[in-house]
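File shown: final_37.cif (mmCIF, C-alpha atoms).
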data_protein
#
loop_
_atom_site.label_atom_id
_atom_site.label_comp_id
_atom_site.auth_asym_id
_atom_site.auth_seq_id
_atom_site.Cartn_x
_atom_site.Cartn_y
_atom_site.Cartn_z
CA MET D 9 -21.28 14.38 4.33
CA ALA D 10 -19.66 13.11 7.54
CA PRO D 11 -15.87 12.69 7.40
CA GLU D 12 -16.13 9.04 8.44
CA GLN D 13 -18.38 8.31 5.46
CA GLU D 14 -15.88 9.90 3.09
CA THR D 15 -13.21 7.75 4.72
CA GLU D 16 -15.29 4.65 4.02
CA ILE D 17 -15.44 5.51 0.32
CA TYR D 18 -11.66 6.06 0.32
CA LYS D 19 -11.08 2.68 1.98
CA ALA D 20 -13.41 0.90 -0.43
CA ILE D 21 -11.68 2.30 -3.52
CA LYS D 22 -8.22 1.66 -2.10
CA GLN D 23 -9.23 -1.90 -1.22
CA ALA D 24 -10.54 -2.44 -4.74
CA ILE D 25 -7.18 -1.31 -6.15
CA ILE D 26 -5.14 -3.53 -3.83
CA GLU D 27 -7.41 -6.52 -4.42
CA GLN D 28 -7.04 -6.00 -8.19
CA LYS D 29 -10.74 -5.38 -8.78
CA LEU D 30 -9.84 -1.90 -10.01
CA ARG D 31 -7.02 -2.47 -12.46
CA PRO D 32 -4.39 0.10 -13.47
CA ASN D 33 -5.66 2.55 -16.11
CA THR D 34 -9.28 2.08 -15.00
CA GLN D 35 -11.06 5.42 -15.06
CA LEU D 36 -12.81 6.53 -11.88
CA VAL D 37 -15.88 8.21 -13.31
CA GLU D 38 -17.14 10.53 -10.56
CA GLU D 39 -20.84 10.24 -11.31
CA VAL D 40 -20.70 6.43 -11.49
CA VAL D 41 -18.79 6.12 -8.21
CA ALA D 42 -21.10 8.66 -6.56
CA GLU D 43 -24.20 6.79 -7.71
CA SER D 44 -22.74 3.48 -6.51
CA PHE D 45 -22.29 4.87 -3.00
CA GLY D 46 -25.45 6.95 -2.99
CA VAL D 47 -23.62 10.25 -2.48
CA SER D 48 -22.99 13.49 -4.35
CA ARG D 49 -19.91 13.94 -6.53
CA THR D 50 -18.20 16.27 -4.04
CA PRO D 51 -17.03 13.62 -1.55
CA VAL D 52 -15.95 11.39 -4.44
CA ARG D 53 -13.87 14.25 -5.80
CA ASN D 54 -12.24 14.70 -2.38
CA VAL D 55 -11.45 10.99 -2.18
CA VAL D 56 -9.94 10.99 -5.67
CA ARG D 57 -7.66 13.89 -4.69
CA ARG D 58 -6.54 11.98 -1.62
CA LEU D 59 -5.79 8.88 -3.68
CA ALA D 60 -3.89 11.02 -6.18
CA SER D 61 -1.75 12.45 -3.38
CA GLU D 62 -0.82 8.85 -2.50
CA LYS D 63 0.00 8.12 -6.16
CA LEU D 64 -2.67 5.43 -6.34
CA VAL D 65 -4.61 7.53 -8.84
CA THR D 66 -3.41 9.78 -11.66
CA ILE D 67 -5.48 12.82 -12.60
CA ILE D 68 -5.16 13.77 -16.27
CA PRO D 69 -6.47 17.28 -17.08
CA TYR D 70 -9.59 17.29 -19.26
CA LYS D 71 -9.72 13.47 -19.22
CA GLY D 72 -10.35 12.41 -15.64
CA ALA D 73 -8.89 10.25 -12.89
CA PHE D 74 -7.36 6.85 -13.59
CA VAL D 75 -5.87 4.14 -11.42
CA SER D 76 -2.11 4.62 -11.72
CA CYS D 77 -0.24 2.36 -14.13
CA PRO D 78 3.51 2.26 -13.48
CA THR D 79 5.64 0.97 -16.36
CA ILE D 80 8.06 -1.92 -15.82
CA GLN D 81 10.92 0.58 -15.65
CA GLU D 82 9.06 2.70 -13.10
CA ALA D 83 8.28 -0.41 -11.05
CA ARG D 84 11.96 -1.33 -10.93
CA GLU D 85 12.87 2.23 -9.98
CA VAL D 86 10.40 2.10 -7.08
CA PHE D 87 12.15 -0.97 -5.68
CA ASP D 88 15.57 0.58 -6.31
CA MET D 89 14.54 3.61 -4.27
CA ARG D 90 13.01 1.46 -1.55
CA ARG D 91 16.27 -0.45 -1.17
CA VAL D 92 18.24 2.76 -0.75
CA LEU D 93 15.77 4.37 1.61
CA GLU D 94 14.96 1.36 3.75
CA SER D 95 18.63 0.45 4.18
CA ALA D 96 19.16 3.87 5.74
CA VAL D 97 16.02 3.43 7.86
CA ILE D 98 17.29 0.13 9.26
CA HIS D 99 20.57 1.65 10.48
CA LYS D 100 18.78 4.48 12.25
CA VAL D 101 16.13 2.28 13.81
CA CYS D 102 18.74 -0.14 15.15
CA LYS D 103 20.26 2.75 17.11
CA PHE D 104 17.14 4.42 18.44
CA LEU D 105 14.30 1.86 18.73
CA THR D 106 12.61 1.99 22.14
CA GLU D 107 10.82 -0.84 23.95
CA GLU D 108 7.48 0.86 23.34
CA GLN D 109 8.19 1.10 19.61
CA TYR D 110 9.31 -2.52 19.52
CA GLY D 111 6.00 -3.48 21.12
CA GLN D 112 4.09 -1.63 18.39
CA LEU D 113 6.00 -3.51 15.70
CA GLU D 114 5.34 -6.80 17.47
CA LYS D 115 1.63 -5.97 17.48
CA LEU D 116 1.74 -5.36 13.72
CA LEU D 117 3.32 -8.76 13.17
CA ASP D 118 0.59 -10.37 15.27
CA ASP D 119 -2.07 -8.55 13.24
CA GLU D 120 -0.38 -9.54 9.98
CA ARG D 121 -0.26 -13.21 10.99
CA GLU D 122 -3.92 -13.10 12.01
CA ALA D 123 -4.96 -11.48 8.72
CA GLN D 124 -3.06 -14.11 6.73
CA GLY D 125 -4.66 -16.87 8.79
CA LYS D 126 -8.11 -15.52 7.98
CA GLY D 127 -7.31 -15.16 4.28
CA ASP D 128 -7.74 -11.40 4.56
CA ILE D 129 -5.45 -10.42 1.68
CA PHE D 130 -6.35 -6.73 1.78
CA GLY D 131 -5.72 -6.54 5.50
CA ALA D 132 -2.42 -8.42 5.27
CA ILE D 133 -1.11 -6.23 2.45
CA GLN D 134 -2.13 -3.09 4.32
CA ILE D 135 -0.30 -4.28 7.44
CA THR D 136 2.74 -5.20 5.36
CA GLY D 137 2.94 -1.60 4.18
CA ASP D 138 2.28 -0.33 7.71
CA PHE D 139 5.24 -2.32 9.05
CA HIS D 140 7.64 -0.60 6.64
CA LEU D 141 6.10 2.82 7.28
CA LYS D 142 6.24 2.32 11.03
CA LEU D 143 9.95 1.54 10.80
CA ALA D 144 10.48 4.72 8.80
CA GLY D 145 8.51 6.68 11.38
CA PHE D 146 10.72 5.31 14.15
CA SER D 147 13.86 6.39 12.29
CA GLY D 148 13.30 9.93 13.52
CA SER D 149 13.33 11.40 10.00
CA SER D 150 10.12 12.91 8.63
CA TYR D 151 11.66 12.80 5.15
CA TYR D 152 12.10 9.04 5.26
CA SER D 153 8.47 8.63 6.27
CA ARG D 154 7.18 11.01 3.61
CA PHE D 155 9.13 9.52 0.72
CA LEU D 156 8.53 5.93 1.75
CA GLU D 157 4.78 6.51 2.04
CA GLU D 158 4.67 7.41 -1.65
CA LEU D 159 6.82 4.42 -2.60
CA VAL D 160 4.68 2.00 -0.57
CA SER D 161 1.52 3.33 -2.23
CA LEU D 162 3.11 2.80 -5.64
CA THR D 163 4.10 -0.71 -4.58
CA TYR D 164 0.41 -1.49 -3.97
CA VAL D 165 -0.35 -0.52 -7.58
CA ILE D 166 2.68 -2.39 -8.93
CA ILE D 167 1.59 -5.57 -7.16
CA ALA D 168 -1.95 -5.09 -8.47
CA LEU D 169 -0.57 -4.79 -12.02
CA TYR D 170 2.25 -7.32 -12.02
CA GLY D 171 1.88 -9.39 -8.85
CA GLU D 172 -0.37 -11.89 -7.13
CA GLN D 173 -3.20 -11.53 -4.63
CA LYS D 174 -1.19 -12.87 -1.70
CA THR D 175 1.52 -11.89 0.72
CA LYS D 176 4.35 -13.96 2.20
CA CYS D 177 5.94 -11.15 4.17
CA CYS D 178 5.21 -12.16 7.75
CA GLN D 179 8.28 -14.38 8.30
CA ASP D 180 10.54 -11.85 6.57
CA HIS D 181 9.28 -9.14 8.89
CA ARG D 182 9.88 -11.40 11.90
CA THR D 183 13.50 -11.92 10.84
CA ILE D 184 14.06 -8.22 10.24
CA LEU D 185 12.57 -7.26 13.59
CA ASP D 186 14.62 -9.87 15.45
CA TYR D 187 17.84 -8.46 14.01
CA ILE D 188 16.74 -4.92 14.83
CA ARG D 189 15.96 -5.95 18.39
CA SER D 190 19.46 -7.43 18.76
CA GLY D 191 20.97 -4.22 17.36
CA ASP D 192 22.62 -6.00 14.43
CA ALA D 193 22.17 -3.38 11.72
CA GLU D 194 24.18 -5.25 9.09
CA LYS D 195 22.09 -8.43 9.33
CA ALA D 196 18.86 -6.44 9.57
CA GLU D 197 19.81 -4.52 6.42
CA ARG D 198 20.64 -7.73 4.53
CA ALA D 199 17.32 -9.23 5.61
CA MET D 200 15.45 -6.13 4.45
CA LEU D 201 17.22 -6.10 1.08
CA ALA D 202 16.52 -9.81 0.58
CA HIS D 203 12.86 -9.19 1.47
CA LEU D 204 12.50 -6.37 -1.07
CA ARG D 205 14.37 -8.38 -3.72
CA GLU D 206 12.02 -11.31 -3.20
CA MET D 207 9.02 -9.01 -3.58
CA GLU D 208 10.40 -7.64 -6.85
CA GLU D 209 11.36 -11.06 -8.23
CA ALA D 210 7.82 -12.31 -7.58
CA LEU D 211 6.42 -9.76 -10.03
CA ARG D 212 5.36 -11.05 -13.43
CA PHE D 213 6.49 -8.42 -15.89
CA ASP D 214 5.76 -10.68 -18.85
CA GLN D 215 2.02 -10.76 -18.40
CA ALA D 216 -0.85 -8.47 -17.49
CA GLY D 217 -3.55 -9.25 -14.98
CA ASN D 218 -7.22 -9.83 -15.57
CA GLN D 219 -9.55 -7.13 -16.75
CA SER D 220 -11.22 -5.10 -14.03
CA LEU D 221 -14.89 -5.26 -13.20
CA SER D 222 -17.06 -2.26 -13.90
CA LEU D 223 -17.29 0.40 -11.21
CA THR D 224 -20.92 -0.46 -10.61
CA GLU D 225 -20.09 -4.16 -10.15
CA ILE D 226 -17.27 -3.37 -7.72
CA PHE D 227 -19.25 -1.03 -5.48
CA LYS D 228 -22.73 -2.53 -5.67
CA SER D 229 -22.21 -4.40 -2.38
CA GLY D 230 -23.83 -3.52 0.92
CA MET D 231 -21.22 -0.80 1.28
CA ARG D 232 -23.35 1.38 -0.99
CA HIS D 233 -26.25 1.24 1.40
CA THR D 234 -24.22 2.37 4.41
CA VAL D 235 -23.17 5.67 2.85
CA ARG D 236 -25.87 8.32 2.61
CA ARG D 237 -26.12 11.91 1.50
#
When written as structure tokens, how does the structure in this file appear?
Amino acid sequence: MAPEQETEIYKAIKQAIIEQKLRPNTQLVEEVVAESFGVSRTPVRNVVRRLASEKLVTIIPYKGAFVSCPTIQEAREVFDMRRVLESAVIHKVCKFLTEEQYGQLEKLLDDEREAQGKGDIFGAIQITGDFHLKLAGFSGSSYYSRFLEELVSLTYVIIALYGEQKTKCCQDHRTILDYIRSGDAEKAERAMLAHLREMEEALRFDQAGNQSLSLTEIFKSGMRHTVRR
């Protein structure tokens, strides 16, 4: 199977998780997913491993693979860690951000605004995560990028479990980037912390989301017909 086709399956499953079609604790049955996409189980297994490495999926020995389901305590710990990590990122980026890097962040904000305008929730949420990861990448620390990538992936699942299918991050990101551009690390850090706090406070820990669709229902779209053995 061509690598690009495997990537398409990965994107489809990840999109289904972010869009709350695949709910936390939903089992990814290899043969069902494979049949839905018209492929063998091998590429599905590879995709599941990739999703597990990003913490979007949990593999339980002798039981199978399930969409991750962070507890309320784990969700709060994710945001606690993000606040610590991203505060440090802000201070480094304010010192070392180049004009080229600033341009890349500006482009992300443009893309985020466009996705929101089109009602592309999946695209907007993806770009929201990319903005934070790009900042970490520009900090010059591979550790910041590595740890934040896991936390951002977990945030996707947390929002799918406890949040809403929308994003209001664009203006927050604009404010953060403006402070970074001016070199004001203290204001940029406060803006980042307020942004993360708002994201956490928007979560509804007192109620669960809707039940997920079946795997066949989720992947029975035209996507299935574009992926061949």
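Restricting the calculation to only C-alpha atoms, the smallest distance between D:Ser95 and any of D:Lys115, D:Lys19, D:Arg198, D:Arg58 is found for D:Arg198.
Comparing the minimum interatomic distances between D:Thr163 and each of D:Ile26, D:Val92, D:Val75, D:Ala60, counting all atoms listed in the file, we find that D:Ile26 sits nearest.
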Name the residues, using the chain letters and numbers of the file, that sit within 12 Å of (5.2, -14.7, 5.9) when counting only C-alpha atoms, and give them as a PDB file with C-alpha atoms, keeping the file's coordinate frame.
ATOM      1  CA  LEU D 117       3.320  -8.760  13.170  1.00  0.00           C
ATOM      2  CA  ASP D 118       0.590 -10.370  15.270  1.00  0.00           C
ATOM      3  CA  GLU D 120      -0.380  -9.540   9.980  1.00  0.00           C
ATOM      4  CA  ARG D 121      -0.260 -13.210  10.990  1.00  0.00           C
ATOM      5  CA  GLU D 122      -3.920 -13.100  12.010  1.00  0.00           C
ATOM      6  CA  ALA D 123      -4.960 -11.480   8.720  1.00  0.00           C
ATOM      7  CA  GLN D 124      -3.060 -14.110   6.730  1.00  0.00           C
ATOM      8  CA  GLY D 125      -4.660 -16.870   8.790  1.00  0.00           C
ATOM      9  CA  ALA D 132      -2.420  -8.420   5.270  1.00  0.00           C
ATOM     10  CA  ILE D 133      -1.110  -6.230   2.450  1.00  0.00           C
ATOM     11  CA  ILE D 135      -0.300  -4.280   7.440  1.00  0.00           C
ATOM     12  CA  THR D 136       2.740  -5.200   5.360  1.00  0.00           C
ATOM     13  CA  LYS D 174      -1.190 -12.870  -1.700  1.00  0.00           C
ATOM     14  CA  THR D 175       1.520 -11.890   0.720  1.00  0.00           C
ATOM     15  CA  LYS D 176       4.350 -13.960   2.200  1.00  0.00           C
ATOM     16  CA  CYS D 177       5.940 -11.150   4.170  1.00  0.00           C
ATOM     17  CA  CYS D 178       5.210 -12.160   7.750  1.00  0.00           C
ATOM     18  CA  GLN D 179       8.280 -14.380   8.300  1.00  0.00           C
ATOM     19  CA  ASP D 180      10.540 -11.850   6.570  1.00  0.00           C
ATOM     20  CA  HIS D 181       9.280  -9.140   8.890  1.00  0.00           C
ATOM     21  CA  ARG D 182       9.880 -11.400  11.900  1.00  0.00           C
ATOM     22  CA  THR D 183      13.500 -11.920  10.840  1.00  0.00           C
ATOM     23  CA  ILE D 184      14.060  -8.220  10.240  1.00  0.00           C
ATOM     24  CA  HIS D 203      12.860  -9.190   1.470  1.00  0.00           C
ATOM     25  CA  GLU D 206      12.020 -11.310  -3.200  1.00  0.00           C
ATOM     26  CA  MET D 207       9.020  -9.010  -3.580  1.00  0.00           C
TER      27      MET D 207
END
message: Neighbouring residues of D:Leu64 were defined as those with any atom within 12 Å, considering all atoms listed in the file; residues of the same chain fewer than 6 positions away were excluded. Please report them as number ranges by chain.
response: D: 18, 21-26, 30-34, 36, 55-58, 73-78, 157-169
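The closest residue to D:Arg212, picked from D:Asp119, D:Tyr170, D:Tyr187, D:Glu39 and counting only C-alpha atoms, is D:Tyr170.
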Hits from the PyMOL selection byres ((chain D and resi 152) around 12), listed as a PyMOL selection string: chain D and resi 89-90+92-98+100-101+140-151+153-160
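Closest approach to D:Lys195 among D:Val40, D:Cys102, D:Val52, D:Ala83 is made by D:Cys102 (distances from all atoms listed in the file).
In this model, the gap between atom CA of D:Glu38 and atom CA of D:Glu62 comes to 18.3 Å.
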field: Counting all atoms listed in the file, the option among D:Gln35, D:Gln81, D:Gly171, D:Gln28 closest to D:Thr66
entry: D:Gln35
statement: Computed gap from atom CA of D:Asn54 to atom CA of D:Glu14 is 8.1 Å
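Atom CA of D:Glu12 to atom CA of D:Asp128 spans 22.4 Å [interatomic distance, one decimal].
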Axis-aligned box over every listed atom of stretch 85-97 of chain D, padded by 6 Å per side: centre and edges in Å to one decimal, as lines of an AutoDock Vina configuration file?
center_x = 14.8
center_y = 1.7
center_z = -1.1
size_x = 20.8
size_y = 17.3
size_z = 29.8
